[in-house]
file protein-v3.txt (compact mmCIF, C-alpha atoms)
# COMPACT_ATOMS: atom_id res chain seq x y z
CA MET A 1000 -6.02 54.86 140.00
CA LYS A 1001 -5.16 56.69 136.78
CA ILE A 1002 -7.04 59.98 136.40
CA LEU A 1003 -8.36 58.94 132.95
CA ASN A 1004 -9.83 55.73 134.42
CA LEU A 1005 -11.29 57.71 137.30
CA ALA A 1006 -12.93 60.13 134.85
CA LYS A 1007 -14.26 57.18 132.79
CA LYS A 1008 -15.93 55.71 135.90
CA ILE A 1009 -17.75 58.88 136.91
CA GLU A 1010 -18.32 60.66 133.61
CA GLY A 1011 -21.47 62.81 133.62
CA LEU A 1012 -23.15 65.01 136.21
CA GLN A 1013 -22.03 64.16 139.76
CA THR A 1014 -22.14 65.49 143.32
CA VAL A 1015 -19.64 64.69 146.09
CA SER A 1016 -22.18 62.28 147.53
CA THR A 1017 -22.81 60.39 144.23
CA ILE A 1018 -19.05 60.12 143.60
CA SER A 1019 -18.50 58.66 147.07
CA LYS A 1020 -21.33 56.15 146.54
CA THR A 1021 -20.21 55.14 143.02
CA LEU A 1022 -16.58 54.63 143.99
CA ASN A 1023 -17.35 53.44 147.52
CA ILE A 1024 -15.07 56.06 149.11
CA SER A 1025 -15.50 58.67 151.82
CA GLU A 1026 -16.85 62.12 150.95
CA ARG A 1027 -13.48 63.65 151.91
CA THR A 1028 -11.71 61.43 149.32
CA ALA A 1029 -14.42 62.30 146.78
CA ILE A 1030 -13.65 66.01 147.31
CA ASN A 1031 -9.95 65.28 146.72
CA TYR A 1032 -10.81 63.38 143.52
CA VAL A 1033 -12.88 66.35 142.29
CA SER A 1034 -9.87 68.56 142.85
CA LEU A 1035 -7.63 66.12 140.93
CA LEU A 1036 -10.09 65.96 138.04
CA ARG A 1037 -10.28 69.76 137.92
CA GLY A 1038 -6.49 69.97 137.73
CA ALA A 1039 -6.38 67.44 134.90
CA GLY A 1040 -9.04 69.35 132.96
CA TYR A 1041 -11.78 66.70 133.15
CA LEU A 1042 -14.10 68.87 135.25
CA ARG A 1043 -15.86 71.06 132.75
CA GLU A 1044 -18.32 73.00 134.86
CA THR A 1045 -19.64 73.41 138.39
CA ILE A 1046 -23.40 73.92 138.53
CA TYR A 1047 -25.32 74.89 141.64
CA GLY A 1048 -28.51 72.91 142.11
CA ALA A 1049 -31.34 73.23 144.61
CA LYS A 1050 -30.16 74.11 148.15
CA LYS A 1051 -26.90 75.23 146.51
CA ILE A 1052 -25.62 71.67 146.12
CA ARG A 1053 -22.55 71.65 143.90
CA MET A 1054 -22.88 69.47 140.81
CA TYR A 1055 -19.83 68.70 138.75
CA LYS A 1056 -19.94 68.07 135.00
CA ILE A 1057 -17.22 65.52 134.34
CA SER A 1058 -16.23 64.88 130.75
CA LEU A 1059 -13.43 62.77 129.32
CA LEU A 1060 -12.98 65.15 126.45
CA LYS A 1061 -11.16 68.37 127.16
CA ARG A 1062 -12.89 70.41 124.51
CA LYS A 1063 -11.68 73.84 123.44
CA MET A 1064 -14.23 76.57 124.02
CA ILE A 1065 -14.15 78.55 120.83
CA GLY A 1066 -16.70 80.72 119.10
CA ASN A 1067 -19.61 82.35 120.90
CA PRO A 1068 -22.56 80.89 122.81
CA GLY A 1069 -25.26 79.40 120.62
CA PHE A 1070 -29.03 79.82 120.63
CA TYR A 1071 -29.91 77.60 123.60
CA GLU A 1072 -27.22 79.08 125.85
CA VAL A 1073 -28.19 82.69 125.05
CA LEU A 1074 -31.87 81.90 125.64
CA ASP A 1075 -31.22 80.03 128.89
CA LYS A 1076 -28.93 82.72 130.31
CA ASN A 1077 -31.23 85.63 129.53
CA SER A 1078 -34.64 84.30 130.50
CA ARG A 1079 -36.25 83.47 133.80
CA VAL A 1080 -37.72 80.36 132.16
CA GLY A 1081 -34.77 78.04 131.62
CA VAL A 1082 -34.43 75.75 128.62
CA TYR A 1083 -32.47 72.55 128.26
CA SER A 1084 -30.21 72.36 125.24
CA PRO A 1085 -30.46 69.16 123.23
CA TYR A 1086 -26.76 69.56 122.43
CA GLU A 1087 -23.65 69.33 124.62
CA GLU A 1088 -22.03 72.10 122.56
CA ASP A 1089 -23.82 74.77 120.61
CA ARG A 1090 -21.50 77.49 119.27
CA ILE A 1091 -21.68 80.35 116.78
CA TYR A 1092 -18.63 81.64 114.94
CA GLY A 1093 -17.89 85.02 113.43
CA LYS A 1094 -20.66 86.86 115.33
CA LYS A 1095 -22.44 87.10 118.66
CA LEU A 1096 -26.06 86.06 118.73
CA SER A 1097 -28.09 89.14 119.69
CA ILE A 1098 -31.14 89.11 121.96
CA GLU A 1099 -33.26 90.32 119.03
CA GLU A 1100 -32.18 87.47 116.73
CA THR A 1101 -32.60 84.95 119.56
CA ILE A 1102 -36.26 85.95 119.99
CA VAL A 1103 -36.96 85.46 116.29
CA ARG A 1104 -35.10 82.13 116.24
CA ALA A 1105 -37.10 80.98 119.26
CA VAL A 1106 -40.41 81.71 117.52
CA LYS A 1107 -39.11 79.92 114.42
CA THR A 1108 -38.75 76.67 116.42
CA ARG A 1109 -42.54 76.66 117.03
CA LYS A 1110 -41.89 74.91 120.35
CA PHE A 1111 -43.97 75.84 123.39
CA ARG A 1112 -41.26 75.93 126.08
CA ILE A 1113 -38.78 77.75 123.83
CA ILE A 1114 -41.29 80.47 122.89
CA LEU A 1115 -42.41 80.80 126.52
CA SER A 1116 -38.77 81.26 127.52
CA SER A 1117 -38.21 83.84 124.77
CA LEU A 1118 -40.82 86.16 126.32
CA GLY A 1119 -38.29 86.94 129.05
CA LEU A 1120 -35.88 88.30 126.45
CA PHE A 1121 -38.17 91.18 125.48
CA SER A 1122 -37.06 93.03 128.61
CA LYS A 1123 -33.52 93.06 127.21
CA VAL A 1124 -34.31 94.29 123.70
CA ARG A 1125 -32.42 97.50 123.00
CA ASP A 1126 -32.54 97.64 119.21
CA TRP A 1127 -36.15 97.51 117.99
CA LYS A 1128 -35.06 98.06 114.39
CA LYS A 1129 -32.95 94.92 114.57
CA LEU A 1130 -35.91 92.97 115.96
CA ASN A 1131 -38.04 94.29 113.11
CA TYR A 1132 -35.39 93.30 110.55
CA TYR A 1133 -35.10 89.69 111.74
CA ALA A 1134 -38.88 89.34 112.18
CA HIS A 1135 -39.50 90.48 108.60
CA LYS A 1136 -36.68 88.30 107.27
CA GLU A 1137 -38.34 85.18 108.70
CA GLY A 1138 -41.92 86.26 107.92
CA LEU A 1139 -42.82 86.45 111.63
CA GLY A 1140 -43.55 90.17 112.01
CA ARG A 1141 -47.06 90.05 113.55
CA ASN A 1142 -46.18 86.95 115.59
CA ILE A 1143 -43.29 88.81 117.23
CA GLY A 1144 -45.41 91.91 117.80
CA ALA A 1145 -48.11 89.86 119.50
CA LEU A 1146 -45.58 88.11 121.73
CA TYR A 1147 -44.17 91.52 122.72
CA ASP A 1148 -47.63 92.46 123.99
CA VAL A 1149 -47.90 89.13 125.84
CA ALA A 1150 -44.50 89.74 127.47
CA ARG A 1151 -45.67 93.20 128.61
CA LYS A 1152 -48.46 91.57 130.60
CA VAL A 1153 -46.03 89.64 132.82
CA ILE A 1154 -42.67 91.40 132.83
CA LYS A 1155 -41.31 94.91 132.71
CA VAL A 1156 -40.55 95.69 129.06
CA ARG A 1157 -39.39 98.91 127.42
CA LYS A 1158 -41.89 100.58 125.14
CA ILE A 1159 -41.54 99.52 121.53
CA ASP A 1160 -40.63 102.15 118.96
CA LYS A 1161 -43.88 103.31 117.31
CA ARG A 1162 -42.52 103.00 113.77
CA VAL A 1163 -41.39 99.46 114.48
CA LYS A 1164 -44.79 98.56 115.94
CA ASN A 1165 -46.55 99.91 112.84
CA SER A 1166 -44.16 98.04 110.59
CA LEU A 1167 -44.77 94.79 112.51
CA LEU A 1168 -48.55 95.35 112.43
CA LYS A 1169 -48.53 95.76 108.66
CA SER A 1170 -46.24 92.80 108.01
CA LYS A 1171 -47.26 89.59 106.32
CA VAL A 1172 -46.81 86.36 108.27
CA LYS A 1173 -46.21 82.84 107.03
CA SER A 1174 -48.84 81.50 109.43
CA LYS A 1175 -51.32 83.03 111.83
CA PHE A 1176 -50.49 80.24 114.26
CA ILE A 1177 -47.32 80.73 116.32
CA ILE A 1178 -47.58 77.04 117.25
CA PRO A 1179 -49.71 75.02 114.82
CA LEU A 1180 -53.36 74.71 115.87
CA ILE A 1181 -52.90 76.26 119.32
CA LYS A 1182 -55.04 79.26 120.28
CA SER A 1183 -55.38 81.26 123.47
CA LYS A 1184 -58.49 81.31 125.64
CA ASP A 1185 -57.60 84.43 127.62
CA LEU A 1186 -55.51 86.69 125.41
CA LYS A 1187 -58.13 87.38 122.76
CA ASP A 1188 -57.49 91.16 122.84
CA ILE A 1189 -53.88 90.66 121.69
CA GLU A 1190 -54.93 88.02 119.16
CA ASP A 1191 -57.46 90.43 117.65
CA GLU A 1192 -55.06 93.35 117.49
CA TRP A 1193 -52.30 91.39 115.76
CA ASN A 1194 -54.51 88.94 113.86
CA VAL A 1195 -52.49 85.91 114.99
CA TYR A 1196 -53.10 83.12 117.51
CA ILE A 1197 -51.24 83.21 120.83
CA PRO A 1198 -50.19 79.76 122.11
CA PHE A 1199 -50.46 80.74 125.79
CA ASN A 1200 -53.18 81.14 128.37
CA LYS A 1201 -52.78 83.38 131.42
CA SER A 1202 -51.95 80.36 133.59
CA ASP A 1203 -48.95 79.53 131.37
CA LEU A 1204 -47.51 82.95 132.09
CA GLU A 1205 -47.67 82.49 135.89
CA VAL A 1206 -44.14 81.12 135.73
CA TYR A 1207 -42.90 84.71 135.21
CA LYS A 1208 -44.66 85.91 138.35
CA GLU A 1209 -43.21 83.26 140.68
CA MET B 44 -3.13 68.51 106.44
CA ILE B 45 -5.10 71.28 108.15
CA SER B 46 -5.28 72.22 111.81
CA PHE B 47 -8.48 72.77 113.78
CA LYS B 48 -8.06 76.55 113.48
CA GLU B 49 -7.65 76.31 109.70
CA GLN B 50 -10.70 74.06 109.48
CA ILE B 51 -12.76 76.62 111.40
CA GLU B 52 -11.54 79.36 109.05
CA LEU B 53 -12.52 77.28 106.02
CA PHE B 54 -16.00 76.68 107.42
CA GLU B 55 -16.35 80.43 108.03
CA ILE B 56 -15.40 81.14 104.41
CA ILE B 57 -17.94 78.60 103.11
CA GLY B 58 -20.60 80.00 105.48
CA LYS B 59 -20.09 83.45 104.01
CA GLU B 60 -20.28 82.17 100.42
CA LEU B 61 -23.56 80.32 100.98
CA ASN B 62 -26.75 82.20 100.16
CA GLU B 63 -29.03 80.24 102.44
CA GLU B 64 -28.87 78.12 105.58
CA THR B 65 -27.22 74.82 104.75
CA GLU B 66 -26.92 71.90 107.12
CA CYS B 67 -24.36 69.10 107.06
CA PHE B 68 -22.92 66.44 109.36
CA ALA B 69 -19.22 66.28 110.16
CA VAL B 70 -17.77 62.79 110.44
CA GLY B 71 -14.30 61.26 110.67
CA GLY B 72 -11.27 63.38 111.50
CA THR B 73 -13.26 66.59 111.10
CA ALA B 74 -15.61 65.52 113.89
CA MET B 75 -12.72 64.23 116.02
CA MET B 76 -11.09 67.65 115.95
CA PHE B 77 -14.21 69.18 117.49
CA TYR B 78 -13.96 66.62 120.32
CA ASP B 79 -10.28 67.55 120.71
CA LEU B 80 -9.21 64.00 119.88
CA LYS B 81 -7.10 65.03 116.91
CA ASP B 82 -4.94 68.03 116.02
CA SER B 83 -5.09 67.91 112.25
CA THR B 84 -6.80 66.11 109.39
CA LYS B 85 -6.01 65.33 105.76
CA ASP B 86 -9.53 65.73 104.49
CA VAL B 87 -12.78 67.26 105.65
CA ASP B 88 -15.64 64.73 105.55
CA LEU B 89 -19.14 66.17 105.37
CA VAL B 90 -22.40 64.28 104.89
CA PHE B 91 -25.56 65.91 103.51
CA THR B 92 -29.17 64.81 103.75
CA ASP B 93 -30.22 66.67 100.61
CA ARG B 94 -28.64 67.14 97.21
CA LYS B 95 -29.35 70.86 97.10
CA SER B 96 -27.25 71.54 100.22
CA LEU B 97 -24.42 69.39 98.88
CA ASN B 98 -24.40 71.29 95.58
CA GLU B 99 -24.51 74.64 97.39
CA VAL B 100 -21.40 73.73 99.42
CA LYS B 101 -19.70 72.34 96.32
CA PHE B 102 -20.39 75.63 94.54
CA ALA B 103 -19.11 77.63 97.54
CA LEU B 104 -15.91 75.56 97.59
CA ASP B 105 -15.52 76.06 93.86
CA LYS B 106 -15.74 79.82 94.38
CA SER B 107 -13.13 79.56 97.16
CA GLY B 108 -10.57 77.96 94.86
CA PHE B 109 -11.24 74.24 95.36
CA LYS B 110 -11.30 72.03 92.27
CA GLU B 111 -13.33 68.86 91.76
CA LYS B 112 -11.31 65.67 91.54
CA THR B 113 -12.61 62.49 89.95
CA ASN B 114 -11.47 58.85 89.77
CA VAL B 115 -9.77 58.82 93.13
CA LYS B 116 -10.08 55.54 95.02
CA ILE B 117 -9.91 56.46 98.68
CA PHE B 118 -11.55 53.56 100.47
CA ARG B 119 -10.82 49.88 100.80
CA ASN B 120 -14.50 49.02 100.43
CA TYR B 121 -15.00 51.17 97.35
CA GLU B 122 -16.52 48.43 95.22
CA VAL B 123 -19.58 48.12 97.51
CA ALA B 124 -20.33 51.84 97.51
CA GLU B 125 -23.57 52.84 95.83
CA THR B 126 -22.91 56.57 95.83
CA MET B 127 -19.47 58.11 95.47
CA PRO B 128 -18.42 61.25 97.31
CA ILE B 129 -17.73 64.50 95.54
CA MET B 130 -14.10 65.40 96.16
CA MET B 131 -13.02 69.02 96.14
CA GLU B 132 -9.28 69.46 96.27
CA GLY B 133 -7.61 72.57 97.68
CA LYS B 134 -4.00 73.54 98.33
CA LYS B 135 -3.77 72.09 101.84
CA THR B 136 -6.81 69.89 102.14
CA ARG B 137 -9.59 68.05 100.37
CA PHE B 138 -13.32 68.14 101.07
CA ASP B 139 -15.17 64.81 100.67
CA LEU B 140 -18.86 65.53 100.28
CA PHE B 141 -21.15 62.55 100.81
CA TYR B 142 -24.83 62.32 100.02
CA ARG B 143 -26.74 60.37 102.70
CA GLU B 144 -24.29 57.48 102.81
CA ILE B 145 -20.63 56.81 103.36
CA ILE B 146 -19.68 53.78 101.26
CA CYS B 147 -21.60 50.96 102.99
CA PHE B 148 -23.01 53.04 105.84
CA LYS B 149 -26.17 55.14 105.81
CA LEU B 150 -26.62 58.37 107.75
CA SER B 151 -29.70 57.11 109.57
CA GLU B 152 -32.27 59.01 111.62
CA THR B 153 -30.82 57.42 114.76
CA ILE B 154 -27.40 58.91 113.98
CA ILE B 155 -28.99 62.32 113.45
CA ASP B 156 -30.79 61.98 116.81
CA ARG B 157 -27.49 61.25 118.56
CA VAL B 158 -25.80 64.45 117.32
CA LYS B 159 -24.02 66.05 120.28
CA GLU B 160 -22.74 69.36 118.93
CA VAL B 161 -23.88 72.08 116.58
CA HIS B 162 -21.53 74.72 115.20
CA GLU B 163 -22.82 77.61 113.15
CA PHE B 164 -20.60 79.39 110.63
CA GLY B 165 -22.81 82.03 109.04
CA ASN B 166 -25.09 80.05 106.73
CA LEU B 167 -23.21 76.80 107.23
CA ILE B 168 -24.50 74.68 110.10
CA VAL B 169 -22.19 71.82 110.97
CA LYS B 170 -23.56 69.07 113.20
CA ILE B 171 -21.04 66.74 114.82
CA VAL B 172 -21.98 63.08 115.04
CA SER B 173 -21.47 61.18 118.31
CA LEU B 174 -18.24 59.34 119.12
CA GLU B 175 -19.95 55.95 118.72
CA ASP B 176 -20.97 56.93 115.21
CA ILE B 177 -17.46 58.11 114.37
CA VAL B 178 -16.15 54.63 115.32
CA LEU B 179 -18.87 53.02 113.21
CA LEU B 180 -18.06 55.23 110.25
CA LYS B 181 -14.35 54.56 110.55
CA SER B 182 -15.07 50.89 109.89
CA ALA B 183 -16.84 51.79 106.65
CA THR B 184 -14.31 54.25 105.31
CA GLU B 185 -11.27 52.31 106.41
CA ARG B 186 -8.25 54.27 105.30
CA LYS B 187 -4.66 54.32 106.42
CA LYS B 188 -5.07 56.14 109.73
CA ASP B 189 -8.64 55.13 110.52
CA ARG B 190 -7.64 52.30 112.82
CA ASP B 191 -5.37 54.62 114.83
CA ASP B 192 -8.19 57.13 115.12
CA ALA B 193 -10.76 54.56 116.23
CA SER B 194 -8.46 53.04 118.85
CA GLU B 195 -7.68 56.54 120.16
CA ILE B 196 -11.42 57.23 120.56
CA ILE B 197 -11.95 53.90 122.36
CA ARG B 198 -8.99 54.62 124.67
CA LYS B 199 -9.97 58.16 125.57
CA ALA B 200 -13.77 58.06 125.64
CA ASN B 201 -16.52 56.02 127.23
CA ILE B 202 -17.92 54.25 124.19
CA LYS B 203 -21.46 52.99 124.68
CA TRP B 204 -21.19 49.59 123.03
CA ASP B 205 -24.92 48.95 123.08
CA ILE B 206 -25.28 51.88 120.66
CA ILE B 207 -22.72 50.26 118.32
CA ILE B 208 -24.68 46.98 118.29
CA LYS B 209 -28.04 48.72 117.84
CA GLU B 210 -26.75 50.86 114.95
CA ALA B 211 -25.07 47.87 113.26
CA PHE B 212 -28.40 46.06 113.40
CA HIS B 213 -30.20 49.17 112.17
CA GLN B 214 -27.84 49.39 109.17
CA THR B 215 -28.69 45.83 108.13
CA GLU B 216 -32.35 46.86 108.26
CA LEU B 217 -31.50 49.83 106.02
CA ASN B 218 -30.33 47.43 103.34
CA LYS B 219 -26.66 47.65 104.21
CA PRO B 220 -26.05 43.98 105.14
CA LEU B 221 -22.30 44.05 104.57
CA PHE B 222 -21.71 46.81 107.07
CA VAL B 223 -21.86 44.49 110.05
CA VAL B 224 -19.23 42.21 108.43
CA PHE B 225 -16.85 45.13 107.90
CA LEU B 226 -17.50 46.33 111.43
CA TYR B 227 -16.70 42.94 112.96
CA ASP B 228 -13.43 42.70 110.98
CA PHE B 229 -12.51 46.23 111.92
CA LEU B 230 -13.15 45.85 115.67
CA LEU B 231 -11.42 42.49 115.81
CA GLU B 232 -8.35 44.05 114.20
CA LEU B 233 -8.47 46.89 116.73
CA LYS B 234 -8.64 44.47 119.63
CA GLU B 235 -5.89 42.16 118.40
CA ASP B 236 -3.43 44.59 116.83
CA PHE B 237 -4.10 47.80 118.72
CA LYS B 238 -5.05 46.25 122.06
CA ALA B 239 -8.22 48.34 122.13
CA GLU B 240 -10.57 47.60 125.02
CA ILE B 241 -13.52 46.07 123.20
CA PRO B 242 -15.77 43.78 125.26
CA ASP B 243 -15.75 40.13 124.07
CA ASN B 244 -19.53 39.87 124.18
CA ILE B 245 -19.76 42.74 121.67
CA LEU B 246 -17.48 40.94 119.22
CA LYS B 247 -19.43 37.69 119.71
CA GLU B 248 -22.69 39.49 119.03
CA LEU B 249 -21.28 41.10 115.87
CA LEU B 250 -19.88 37.77 114.67
CA LYS B 251 -23.31 36.20 115.07
CA MET B 252 -24.89 39.04 113.11
CA SER B 253 -22.22 38.87 110.39
CA GLU B 254 -22.65 35.11 109.92
CA LYS B 255 -26.40 35.53 109.67
CA GLU B 256 -26.03 38.21 106.99
CA MET B 257 -23.44 36.15 105.04
CA VAL B 258 -25.73 33.09 105.06
CA LYS B 259 -28.59 35.27 103.79
CA ARG B 260 -26.36 36.56 100.99
CA LEU B 261 -25.21 33.07 100.00
CA LYS B 262 -28.80 31.81 99.90
CA LYS B 263 -29.70 34.67 97.60
CA LYS B 264 -26.85 33.73 95.21
CA ILE B 265 -27.89 30.05 95.14
call {"tool": "encode", "arguments": {"input": "protein-v3.txt", "output": "structure tokens"}}
result
Amino acid sequence: MKILNLAKKIEGLQTVSTISKTLNISERTAINYVSLLRGAGYLRETIYGAKKIRMYKISLLKRKMIGNPGFYEVLDKNSRVGVYSPYEEDRIYGKKLSIEETIVRAVKTRKFRIILSSLGLFSKVRDWKKLNYYAHKEGLGRNIGALYDVARKVIKVRKIDKRVKNSLLKSKVKSKFIIPLIKSKDLKDIEDEWNVYIPFNKSDLEVYKE
Amino acid sequence: MISFKEQIELFEIIGKELNEETECFAVGGTAMMFYDLKDSTKDVDLVFTDRKSLNEVKFALDKSGFKEKTNVKIFRNYEVAETMPIMMEGKKTRFDLFYREIICFKLSETIIDRVKEVHEFGNLIVKIVSLEDIVLLKSATERKKDRDDASEIIRKANIKWDIIIKEAFHQTELNKPLFVVFLYDFLLELKEDFKAEIPDNILKELLKMSEKEMVKRLKKKI
């Protein structure tokens, strides 16, 4: 069988067991096929699933990896709460996406899972000024400040620079809602301090304690 | 002709010239280069969903030394086009900027939903349409090398033919009845002359749709 035809038959996410079932071959032969596909450049990535099962991402297109990781990849790699990218490729050219900018971009999406995942990034913030800059640029100052306080409740986060905190507190926001029409039942203290609505309850944050 | 590397450099230049975030969709050879199905392209085809973004990119190209070219007939199906692209000519390449539609094909919501890749060059965000949509678009913008490109995609990738049928039907609903006729002609040519692996049932289905649309058109004329 030609390698291209083989790749066409099993394109997508596969394990040794699914390959052997699809092609009706033994698992030993399936392992040999995986090795052949890797050599020909059709095996893009090996992912480890539950119980450390190896999953192979087989793609017919041998794409060049250029540029730097995009928003979804940076978020997924740096947070305990994983996110699934809607794109197969998401790249940024000419710069590296910083943790600080990723947090602000996450809040800009106004999506629950993305914002929940971004809380994990606060532990990796090194440059508070940069966070302040991007937050102001997008009109999300108080929203970001409030989420910093939420993150502190569940993960270990460095203390924010006082000047930055004051600047965020005084900032104007486009909307008091981080996610339209969603308010918190338990985090009223943070909501009152920052005068914005938090989209999470305490139970939502349990995922960081697991 | 420009290589992939040169194309990336051009996008980076445009991204720096733009004052605000501008989104566009790469189609044709430009998109194929991102999928590593082509090494170089004659022109860079970009589709915009709003006029403002198109004008911003046109202005950025103008500042980068590109000049607008008019009265250039680049497509076989030019006479059916409702909106013409803006063509910006440079030393090595030309940018074709389309607004919402490419000759007899509309950039529909379903195409936008199928976008597989996003590449960010400063303020320029380039979204790459799916391979199925590149094949569909090639039938609308049929130029000299489009048939080669489409047969190369069909040979190297797993084309989901149900998507092709669904989108062809969707285009007729979007008031582009002739698209399905062009698509049938195009795929038949690919199968017969280029020996592309196109399932017979797909061609039959498209023929049925084309005949239906032609009858509708004739009835309207009578």
call {"tool": "residues_around", "arguments": {"input": "protein-v3.txt", "residues": "segment 1085-1099 of chain A", "least_positions_apart": "3", "cutoff": "6 Å", "atoms": "all atoms listed in the file", "output": "list in words"}}
result
Gly1066, Asn1067, Pro1068, Gly1069, Ile1102 and Leu1130 of chain A; Lys159, Glu160, Val161, His162, Glu163 and Phe164 of chain B
call {"tool": "closest_residue", "arguments": {"input": "protein-v3.txt", "among": "A:Glu1026, A:Val1073, A:Thr1014, A:Val1149", "to": "Ile1052 of chain A", "atoms": "all atoms listed in the file"}}
result
A:Thr1014
call {"tool": "atom_distance", "arguments": {"input": "protein-v3.txt", "atom1": "atom CA of Leu233 of chain B", "atom2": "atom CA of Ala193 of chain B"}}
result
8.0 Å
call {"tool": "closest_residue", "arguments": {"input": "protein-v3.txt", "among": "A:Arg1062, A:Lys1056, A:Lys1008, A:Lys1182", "to": "chain B", "atoms": "all atoms listed in the file"}}
result
A:Arg1062
call {"tool": "closest_residue", "arguments": {"input": "protein-v3.txt", "among": "A:Ile1024, A:Leu1059, A:Ile1018, A:Val1082", "to": "chain B", "atoms": "all atoms listed in the file"}}
result
A:Leu1059
call {"tool": "closest_residue", "arguments": {"input": "protein-v3.txt", "among": "B:Ala69, B:Leu167, B:Ile245, B:Met127", "to": "chain A", "atoms": "all atoms listed in the file"}}
result
B:Leu167
call {"tool": "residues_around", "arguments": {"input": "protein-v3.txt", "residues": "Val223 of chain B", "least_positions_apart": "6", "cutoff": "9 Å", "atoms": "all atoms listed in the file", "output": "ChimeraX atom specification"}}
result
/B:211-212,214-215,249-250,252-253,256
call {"tool": "write_last_selection", "arguments": {"input": "protein-v3.txt", "atoms": "C-alpha atoms", "output": "PDB file, in the coordinates of the input"}}
result
ATOM      1  CA  ALA B 211     -25.070  47.870 113.260  1.00  0.00           C
ATOM      2  CA  PHE B 212     -28.400  46.060 113.400  1.00  0.00           C
ATOM      3  CA  GLN B 214     -27.840  49.390 109.170  1.00  0.00           C
ATOM      4  CA  THR B 215     -28.690  45.830 108.130  1.00  0.00           C
ATOM      5  CA  LEU B 249     -21.280  41.100 115.870  1.00  0.00           C
ATOM      6  CA  LEU B 250     -19.880  37.770 114.670  1.00  0.00           C
ATOM      7  CA  MET B 252     -24.890  39.040 113.110  1.00  0.00           C
ATOM      8  CA  SER B 253     -22.220  38.870 110.390  1.00  0.00           C
ATOM      9  CA  GLU B 256     -26.030  38.210 106.990  1.00  0.00           C
TER      10      GLU B 256
END
call {"tool": "closest_residue", "arguments": {"input": "protein-v3.txt", "among": "B:Leu61, B:Ile207, B:Leu89, B:Leu174", "to": "Val158 of chain B", "atoms": "all atoms listed in the file"}}
result
B:Leu174
call {"tool": "residues_near_point", "arguments": {"input": "protein-v3.txt", "point": "(-15.9, 52.3, 108.5)", "cutoff": "12 Å", "atoms": "only C-alpha atoms", "output": "PyMOL selection string"}}
result
chain B and resi 70-71+118-121+124+144-149+175-190+192-193+211+221-230
call {"tool": "residues_around", "arguments": {"input": "protein-v3.txt", "residues": "Arg1079 of chain A", "least_positions_apart": "4", "cutoff": "9 Å", "atoms": "only C-alpha atoms", "output": "VMD selection string"}}
result
chain A and resid 1075 1116 1119 to 1120 1206 to 1207
call {"tool": "write_last_selection", "arguments": {"input": "protein-v3.txt", "atoms": "C-alpha atoms", "output": "PDB file, in the frame of the given file"}}
result
ATOM      1  CA  ASP A1075     -31.220  80.030 128.890  1.00  0.00           C
ATOM      2  CA  SER A1116     -38.770  81.260 127.520  1.00  0.00           C
ATOM      3  CA  GLY A1119     -38.290  86.940 129.050  1.00  0.00           C
ATOM      4  CA  LEU A1120     -35.880  88.300 126.450  1.00  0.00           C
ATOM      5  CA  VAL A1206     -44.140  81.120 135.730  1.00  0.00           C
ATOM      6  CA  TYR A1207     -42.900  84.710 135.210  1.00  0.00           C
TER       7      TYR A1207
END
call {"tool": "atom_distance", "arguments": {"input": "protein-v3.txt", "atom1": "atom CA of Lys219 of chain B", "atom2": "atom CA of Glu235 of chain B"}}
result
25.7 Å
call {"tool": "atom_distance", "arguments": {"input": "protein-v3.txt", "atom1": "atom CA of Gly1138 of chain A", "atom2": "atom CA of Val1172 of chain A"}}
result
4.9 Å
call {"tool": "residues_around", "arguments": {"input": "protein-v3.txt", "residues": "segment 1121-1126 of chain A", "least_positions_apart": "3", "cutoff": "6 Å", "atoms": "only C-alpha atoms", "output": "ChimeraX atom specification"}}
result
/A:1118,1129,1156
call {"tool": "residues_around", "arguments": {"input": "protein-v3.txt", "residues": "Glu1192 of chain A", "least_positions_apart": "6", "cutoff": "10 Å", "atoms": "only C-alpha atoms", "output": "list in words"}}
result
Arg1141, Gly1144, Ala1145, Asp1148 and Leu1168 of chain A
